[in-house]
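*Asks:* The structure follows.
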Amino acid sequence: MLEPIAHIGRDPRTGGYLRDAWSAADLELREWFSGEARRRGLDLREDRNGNLWAWWGSPSRERPGVVTGSHLDSVRQGGAYDGPLGVVSAFAALDLLRQRAVRPSVPVGVACFSDEEGARFGVPCMGSRLLTGVLAPERALGLTDDDGDTLAEVLGRAGRAPRELGRDEETLATVGTFVELHVEQGRGLVTEDRPVGVAAAIWPHGRWRFDFRGRADHAGTTRLADRDDPMVPFARMVLAAREEAERRGVVATVGKVRVSPGNANAIPGLVSAWLDARGPAERDVRDLVAELARGAGAAGPESVRGADAGGAVEVREESWTPVVDFDVALRDRLARVAGGDTPAPILPTGAGHDAGILAAAGIPSAMLFVRNPTGVSHSPGEHAERADCEAGVVALADVLEDLCR
């Protein structure tokens, strides 16, 4: 099932994927999901926030089901496994349950969450955040992409009703338990020499936008002493982020930068940079961002302004996810069932997932990881061996069968 979608959104120059939420590639992938659901006779539903659900059986508030799945969008120039492996494995696990003649006592669902990566509008896990009410629909609808189009405009062009966005009690009531399978984004399972593992917790993590403002001017005729160049404090912030992260035992990344006006022969007037920060302890992550904001000339990371070499900086928090500790009993149950003779290893992760959003909302949730031999992710180099993927399907089917008894 990975092969028929391998071409969708793929950049032939790099081998990476461009699957922004609600793009042509994403809509094609959604059609593929719908086709796989119909081919299996599943009850296909789309909730008010654009998340897709394919049900084997009819869930209700009185009879919620066991759900598995992931997402199909990607980071820009991402790999083939982050997200799609979880969706494909979910369908394959259902096939395996049917081959085993399993008759689940509760409905079983396959979910495909919209805009998990946040590549287009800047907020990760958009579909699950809206579903659970963590993200206000008014804020979501006003978010813009690189072309200046709002989410409301994009949804309207895709035939959706923007006014319907928001917490969806009816859909939430149908989800009794959620299990997400995902390619590991690290080398924990390589170290453990195991094909499948279980998530223990998701580190707290967030994204912040730093806007450094200066004065655009000519690169050749403006003396250094006369310049108000926002690239200079931006560069200091990048170096400080690395130093502070090492000192505090967290990770910090500036992976997206926008320079205006963007001419090679002009001093920029505005540099916008997005900081991603994560770590085992929330306080260390928060303190890092606050220190960077102070160092850049801002008083703090909440829509504040300050001066640096005559310019100004504004720091805004775009998303924040507290630490997520998965349900211990459910986690240990998965480790026993998925591990065979020896319980599967239990690993923490610094990557965010829809399972974490649902867990934080009170839905019993857990995650299975499939070994990634290189540990590389969010890159065309992301990989998983076929044998390990198949082991993941078997483990997921075993887990679903156990949870559906």
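Labels for the structure tokens follow display order: chains A, B, ..., residues from 1 in each chain, ligands from 1.
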Give me the residues within 7 Å of segment 208-213 of chain A as a PyMOL selection string, counting only C-alpha atoms and dropping any in the same chain fewer than 2 places off.

*Replies:* chain A and resi 206+230+234+269-276+311-318

*Asks:* Compile the contact shell of Pro84 of chain A as a PyMOL selection string: residues with an atom at most 10 Å away, counting only C-alpha atoms, same-chain residues fewer than 4 positions apart removed.

*Replies:* chain A and resi 1-2+5-6+29+69-74+79-80+88-90+112+181-183

*Asks:* Store the residues picked out above in a file with N, CA, C and O atoms, as a compact mmCIF listing (two decimals), in the first residue's frame.

*Replies:*
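Just written: part.txt:
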```txt
# COMPACT_ATOMS: atom_id res chain seq x y z
N MET A 1 0.82 -1.22 0.00
CA MET A 1 0.00 0.00 0.00
C MET A 1 0.84 1.26 0.00
O MET A 1 0.37 2.33 -0.38
N LEU A 2 2.10 1.19 0.43
CA LEU A 2 2.95 2.37 0.35
C LEU A 2 3.33 2.68 -1.10
O LEU A 2 3.48 3.85 -1.47
N ILE A 5 1.14 5.12 -3.39
CA ILE A 5 1.13 6.55 -3.03
C ILE A 5 2.54 7.15 -3.00
O ILE A 5 2.71 8.31 -2.65
N ALA A 6 3.53 6.35 -3.40
CA ALA A 6 4.92 6.80 -3.30
C ALA A 6 5.21 8.00 -4.20
O ALA A 6 6.11 8.79 -3.92
N LEU A 29 -4.17 12.16 -1.52
CA LEU A 29 -3.95 11.15 -0.49
C LEU A 29 -5.24 10.87 0.29
O LEU A 29 -5.52 9.72 0.67
N GLY A 69 -4.18 4.52 13.57
CA GLY A 69 -3.99 5.38 12.40
C GLY A 69 -2.93 6.43 12.67
O GLY A 69 -2.23 6.41 13.69
N SER A 70 -2.82 7.40 11.76
CA SER A 70 -1.82 8.45 11.88
C SER A 70 -2.20 9.59 10.93
O SER A 70 -3.34 10.03 10.95
N HIS A 71 -1.28 10.03 10.08
CA HIS A 71 -1.55 11.16 9.18
C HIS A 71 -0.88 10.90 7.84
O HIS A 71 -0.03 10.01 7.70
N LEU A 72 -1.24 11.70 6.81
CA LEU A 72 -0.68 11.53 5.48
C LEU A 72 0.05 12.77 4.97
O LEU A 72 0.73 12.70 3.94
N ASP A 73 -0.08 13.91 5.64
CA ASP A 73 0.68 15.10 5.23
C ASP A 73 2.13 14.93 5.66
O ASP A 73 2.47 14.02 6.42
N SER A 74 3.01 15.80 5.16
CA SER A 74 4.43 15.68 5.48
C SER A 74 5.03 17.04 5.75
O SER A 74 4.46 18.07 5.38
N GLY A 79 10.20 12.52 4.52
CA GLY A 79 10.36 11.15 4.08
C GLY A 79 9.04 10.45 3.80
O GLY A 79 7.96 11.02 4.02
N ALA A 80 9.13 9.21 3.37
CA ALA A 80 7.95 8.46 2.94
C ALA A 80 7.22 7.76 4.08
O ALA A 80 6.10 7.26 3.88
N VAL A 88 -1.05 3.08 6.63
CA VAL A 88 -0.99 1.83 5.87
C VAL A 88 -0.99 0.63 6.81
O VAL A 88 -1.68 -0.37 6.58
N SER A 89 -0.23 0.72 7.89
CA SER A 89 -0.17 -0.40 8.85
C SER A 89 -1.52 -0.62 9.52
O SER A 89 -1.86 -1.76 9.86
N ALA A 90 -2.29 0.45 9.71
CA ALA A 90 -3.62 0.31 10.30
C ALA A 90 -4.53 -0.52 9.40
O ALA A 90 -5.22 -1.44 9.86
N CYS A 112 -7.23 9.12 10.02
CA CYS A 112 -6.24 9.91 9.30
C CYS A 112 -6.44 11.37 9.72
O CYS A 112 -7.43 12.00 9.33
N LEU A 181 0.71 3.89 15.37
CA LEU A 181 1.99 3.30 14.96
C LEU A 181 2.76 4.34 14.17
O LEU A 181 2.19 5.03 13.33
N HIS A 182 4.07 4.44 14.41
CA HIS A 182 4.88 5.47 13.76
C HIS A 182 6.30 4.95 13.57
O HIS A 182 6.81 4.21 14.42
N VAL A 183 6.92 5.35 12.47
CA VAL A 183 8.34 5.05 12.32
C VAL A 183 9.09 5.79 13.42
O VAL A 183 8.76 6.94 13.76
```

*Asks:* For the contact check between segment 111-169 of chain A and segment 359-367 of chain A, emit one row per residue of segment 111-169 of chain A within 9 Å, containing the shortest atom pair and the distance in Å rounded to one decimal, counting only C-alpha atoms, chain then rising number order, as a tab-separated table.

*Replies:*
```
residue	atom	partner	partner_atom	distance
A:Thr132	CA	A:Ala361	CA	6.5
A:Gly133	CA	A:Ala361	CA	8.8
A:Val134	CA	A:Ala361	CA	8.4
```

*Asks:* Mind the document's chain letters and residue numbers, and return as a count of residues only the residues of segment 175-377 of chain A that DSSP labels alpha helix (DSSP H).

*Replies:* 57

*Asks:* In Å, rounded to a single decimal, give me how far atom CA of Pro204 of chain A is from atom CA of Phe326 of chain A.

*Replies:* 13.0 Å

*Asks:* Which residue, A:Leu135, A:Ala219, A:Val75, A:Leu27, has the smallest gap to Gly159 of chain A when you use only C-alpha atoms?

*Replies:*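 That would be A:Leu27, the residue with the smallest distance to Gly159 of chain A.
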
*Asks:* Find the residues around Glu382 of chain A up to 10 Å (only C-alpha atoms counted), leave out those fewer than 4 positions away in its own chain, and share them as a PDB file with N, CA, C and O atoms, in the first residue's frame.

*Replies:*
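See selection.pdb below for the written result:
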```pdb
ATOM      1  N   GLY A  16      12.394  13.888  -1.762  1.00  0.00           N
ATOM      2  CA  GLY A  16      11.583  14.269  -0.613  1.00  0.00           C
ATOM      3  C   GLY A  16      10.151  14.542  -1.003  1.00  0.00           C
ATOM      4  O   GLY A  16       9.800  14.587  -2.193  1.00  0.00           O
ATOM      5  N   GLY A  78      10.133  15.992   3.323  1.00  0.00           N
ATOM      6  CA  GLY A  78      10.173  14.923   4.308  1.00  0.00           C
ATOM      7  C   GLY A  78      10.293  13.556   3.678  1.00  0.00           C
ATOM      8  O   GLY A  78      10.453  13.397   2.458  1.00  0.00           O
ATOM      9  N   GLY A  79      10.204  12.517   4.525  1.00  0.00           N
ATOM     10  CA  GLY A  79      10.362  11.145   4.075  1.00  0.00           C
ATOM     11  C   GLY A  79       9.036  10.455   3.804  1.00  0.00           C
ATOM     12  O   GLY A  79       7.963  11.020   4.022  1.00  0.00           O
ATOM     13  N   ALA A  80       9.127   9.210   3.371  1.00  0.00           N
ATOM     14  CA  ALA A  80       7.949   8.460   2.937  1.00  0.00           C
ATOM     15  C   ALA A  80       7.222   7.755   4.080  1.00  0.00           C
ATOM     16  O   ALA A  80       6.105   7.265   3.884  1.00  0.00           O
ATOM     17  N   TYR A  81       7.824   7.693   5.270  1.00  0.00           N
ATOM     18  CA  TYR A  81       7.285   6.842   6.329  1.00  0.00           C
ATOM     19  C   TYR A  81       6.588   7.606   7.452  1.00  0.00           C
ATOM     20  O   TYR A  81       5.701   7.059   8.112  1.00  0.00           O
ATOM     21  N   ASP A  82       7.007   8.836   7.696  1.00  0.00           N
ATOM     22  CA  ASP A  82       6.457   9.625   8.793  1.00  0.00           C
ATOM     23  C   ASP A  82       4.996   9.943   8.521  1.00  0.00           C
ATOM     24  O   ASP A  82       4.678  10.850   7.754  1.00  0.00           O
ATOM     25  N   VAL A 183       6.918   5.348  12.473  1.00  0.00           N
ATOM     26  CA  VAL A 183       8.341   5.047  12.320  1.00  0.00           C
ATOM     27  C   VAL A 183       9.087   5.789  13.420  1.00  0.00           C
ATOM     28  O   VAL A 183       8.763   6.935  13.757  1.00  0.00           O
ATOM     29  N   GLU A 184      10.071   5.125  14.033  1.00  0.00           N
ATOM     30  CA  GLU A 184      10.816   5.795  15.091  1.00  0.00           C
ATOM     31  C   GLU A 184      11.630   6.941  14.508  1.00  0.00           C
ATOM     32  O   GLU A 184      12.244   6.808  13.445  1.00  0.00           O
ATOM     33  N   GLN A 185      11.654   8.053  15.212  1.00  0.00           N
ATOM     34  CA  GLN A 185      12.425   9.223  14.780  1.00  0.00           C
ATOM     35  C   GLN A 185      13.640   9.357  15.686  1.00  0.00           C
ATOM     36  O   GLN A 185      13.785  10.300  16.445  1.00  0.00           O
ATOM     37  N   ASN A 372      13.904   2.394  12.803  1.00  0.00           N
ATOM     38  CA  ASN A 372      14.448   3.215  11.716  1.00  0.00           C
ATOM     39  C   ASN A 372      15.957   3.003  11.728  1.00  0.00           C
ATOM     40  O   ASN A 372      16.633   3.472  12.636  1.00  0.00           O
ATOM     41  N   PRO A 373      16.528   2.290  10.751  1.00  0.00           N
ATOM     42  CA  PRO A 373      17.945   1.896  10.855  1.00  0.00           C
ATOM     43  C   PRO A 373      18.926   3.053  10.901  1.00  0.00           C
ATOM     44  O   PRO A 373      20.011   2.918  11.463  1.00  0.00           O
ATOM     45  N   THR A 374      18.572   4.192  10.318  1.00  0.00           N
ATOM     46  CA  THR A 374      19.480   5.334  10.325  1.00  0.00           C
ATOM     47  C   THR A 374      19.136   6.335  11.426  1.00  0.00           C
ATOM     48  O   THR A 374      19.969   7.158  11.798  1.00  0.00           O
ATOM     49  N   GLY A 375      17.902   6.304  11.913  1.00  0.00           N
ATOM     50  CA  GLY A 375      17.446   7.291  12.868  1.00  0.00           C
ATOM     51  C   GLY A 375      17.069   8.610  12.228  1.00  0.00           C
ATOM     52  O   GLY A 375      16.576   9.516  12.904  1.00  0.00           O
ATOM     53  N   VAL A 376      17.280   8.757  10.919  1.00  0.00           N
ATOM     54  CA  VAL A 376      16.991  10.004  10.209  1.00  0.00           C
ATOM     55  C   VAL A 376      15.496  10.138   9.980  1.00  0.00           C
ATOM     56  O   VAL A 376      14.827   9.178   9.582  1.00  0.00           O
ATOM     57  N   SER A 377      14.945  11.331  10.215  1.00  0.00           N
ATOM     58  CA  SER A 377      13.531  11.581   9.967  1.00  0.00           C
ATOM     59  C   SER A 377      13.360  13.025   9.523  1.00  0.00           C
ATOM     60  O   SER A 377      14.283  13.835   9.612  1.00  0.00           O
ATOM     61  N   HIS A 378      12.161  13.343   9.012  1.00  0.00           N
ATOM     62  CA  HIS A 378      11.904  14.655   8.421  1.00  0.00           C
ATOM     63  C   HIS A 378      12.925  14.943   7.323  1.00  0.00           C
ATOM     64  O   HIS A 378      13.391  16.068   7.158  1.00  0.00           O
TER      65      HIS A 378
END
```
